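Right, one structure below, let's go through it.
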Number of protein chains: 2
Amino acid sequence: MSDDIRPHEVAVALPDSPDAGVYFIGRIRTPWKTREECPRRGDADGPICRLEIDPRWAEGLRGVQPQTQAQVLYWMHQARRDLVVQAPRRRPVVAGTFALRSPVRPNPIASSMVELIGVEGTTVLVRGLDCVDGTPLIDLKPAPSH
Amino acid sequence: MSDDIRPHEVAVALPDSPDAGVYFIGRIRTPWKTREECPRRGDADGPICRLEIDPRWAEGLRGVQPQTQAQVLYWMHQARRDLVVQAPRRRPVVAGTFALRSPVRPNPIASSMVELIGVEGTTVLVRGLDCVDGTPLIDLKPAPSH
């Protein structure tokens, strides 16, 4: 995590205390050890990644179906939270945080759609993620039907 | 919020403390005053709802574009968090929490895709939500491109 700020970026003071608490329900295991190694976005043909669910929540996996689309929410624990205007390194824009999908945001929660490959004990195998190895998992749910 | 548990449901002890903190960045104003009044799911032709952003984060709205699809994350503050197996009232299933999109889950975070209608000061007008009036907002970002 870095406190560097690029030209045109704007940081704000964070609130003194959070309004609610998140439980990490497990960890995500991926082939990418650093943010720099991560692909730009998840690929449905990419490698299988593992959601290792904490035993406390194991029964929550009852009925989770392979060969379905699922939504994974995770906590981008390496991202700073105080930038409201950003100048992303890879794009020639300066924009508000809510106009970007940057990991840097007040609540660093990512949502990814994945293909659910299978369940082995308390581990869920999925394709389509792009996050760093060890990322905290906060939810798994079926993809919305349309 | 209720501690009632239906037949076949399973509750677990919650962790002693959270692993991370969420900031409520604003409130969602909708026409529905109770969970019972809320529609079953958001409708792109439904009423306009308002995301009232806290002034702290106002600059984050720079560049937010009307007539686009956006993703809204919110905190389902009325939902209990300790059920790992649920028997939803409206469906004849008993299933693990991670096989359901129920609001009842370890981290009661909802993700909705909405149509972004416009921005008026620190208020964002959207269609497609289905949550109760006063729901805490935790994020707004552009819909993922495919």
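Please note that chains go A, B, ... in the order of the structure tokens, that every chain numbers its residues from 1, and that ligands are numbered from 1 in the order shown.
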
Within 9 Å of chain B, which residues belong to chain A? Use only C-alpha atoms and report them as a ChimeraX atom specification. /A:10,12-15,17-25,56-65,73,75,83-86,94-102,105-109,111,138-144

Sel. of strand (DSSP E) residues, region 6-104 of chain A, as number ranges by chain: A: 10-11, 20-22, 26-29, 48-53, 68-75, 83-86, 95-96

Selected residues, C-alpha atoms, written as a PDB file, in the first residue's frame, please.
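Resulting contents of result23.pdb:
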```pdb
ATOM      1  CA  VAL A  10      -7.603  14.049  -4.499  1.00  0.00           C
ATOM      2  CA  ALA A  11      -7.535  12.321  -1.105  1.00  0.00           C
ATOM      3  CA  ALA A  20     -20.261  -1.959   9.983  1.00  0.00           C
ATOM      4  CA  GLY A  21     -17.901  -4.912  10.146  1.00  0.00           C
ATOM      5  CA  VAL A  22     -16.990  -7.479   7.523  1.00  0.00           C
ATOM      6  CA  GLY A  26     -12.052 -17.590   3.729  1.00  0.00           C
ATOM      7  CA  ARG A  27      -9.142 -16.905   1.428  1.00  0.00           C
ATOM      8  CA  ILE A  28      -8.744 -16.990  -2.341  1.00  0.00           C
ATOM      9  CA  ARG A  29      -5.792 -18.945  -3.710  1.00  0.00           C
ATOM     10  CA  ILE A  48      -8.714 -22.603 -11.767  1.00  0.00           C
ATOM     11  CA  CYS A  49      -8.579 -20.639  -8.526  1.00  0.00           C
ATOM     12  CA  ARG A  50      -9.558 -21.935  -5.083  1.00  0.00           C
ATOM     13  CA  LEU A  51     -11.926 -20.411  -2.558  1.00  0.00           C
ATOM     14  CA  GLU A  52     -10.864 -21.858   0.796  1.00  0.00           C
ATOM     15  CA  ILE A  53     -13.867 -21.463   3.081  1.00  0.00           C
ATOM     16  CA  THR A  68     -23.082 -22.757 -12.836  1.00  0.00           C
ATOM     17  CA  GLN A  69     -22.207 -19.072 -12.856  1.00  0.00           C
ATOM     18  CA  ALA A  70     -21.529 -17.564  -9.469  1.00  0.00           C
ATOM     19  CA  GLN A  71     -20.719 -14.170  -8.009  1.00  0.00           C
ATOM     20  CA  VAL A  72     -17.677 -13.810  -5.768  1.00  0.00           C
ATOM     21  CA  LEU A  73     -17.193 -10.797  -3.500  1.00  0.00           C
ATOM     22  CA  TYR A  74     -13.755 -10.183  -2.083  1.00  0.00           C
ATOM     23  CA  TRP A  75     -11.889  -7.576  -0.085  1.00  0.00           C
ATOM     24  CA  LEU A  83      -8.830   8.731  -2.976  1.00  0.00           C
ATOM     25  CA  VAL A  84     -11.969  10.343  -4.379  1.00  0.00           C
ATOM     26  CA  VAL A  85     -10.364  11.498  -7.639  1.00  0.00           C
ATOM     27  CA  GLN A  86      -7.887   9.226  -9.397  1.00  0.00           C
ATOM     28  CA  ALA A  95     -12.045  10.736 -12.788  1.00  0.00           C
ATOM     29  CA  GLY A  96     -13.993  10.341  -9.599  1.00  0.00           C
TER      30      GLY A  96
END
```

From a backbone DSSP assignment, name each residue in chain B labelled helix (DSSP H, G or I), as JSON, numbers by chain. {"B": [35, 36, 37, 55, 56, 57, 58, 59, 60, 61, 97, 98, 99]}

Atoms kept (C-alpha atoms) for selection, written as a compact mmCIF listing (two decimals), in the first residue's frame:
```
# COMPACT_ATOMS: atom_id res chain seq x y z
CA ARG B 35 -38.95 -5.20 3.46
CA GLU B 36 -42.42 -6.63 2.86
CA GLU B 37 -43.22 -3.79 0.44
CA PRO B 55 -20.47 15.17 1.25
CA ARG B 56 -17.12 13.64 2.25
CA TRP B 57 -17.19 11.53 -0.93
CA ALA B 58 -18.81 14.09 -3.26
CA GLU B 59 -15.80 14.55 -5.53
CA GLY B 60 -15.91 10.83 -6.26
CA LEU B 61 -18.90 11.56 -8.50
CA THR B 97 -26.34 -19.70 2.28
CA PHE B 98 -23.76 -19.73 -0.54
CA ALA B 99 -26.26 -21.50 -2.81
```

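Shortest separation to Ala44 (chain B) among B:Val114, B:Leu125, B:Cys131, B:Leu137 occurs at residue B:Val114, atoms counted being only C-alpha atoms.
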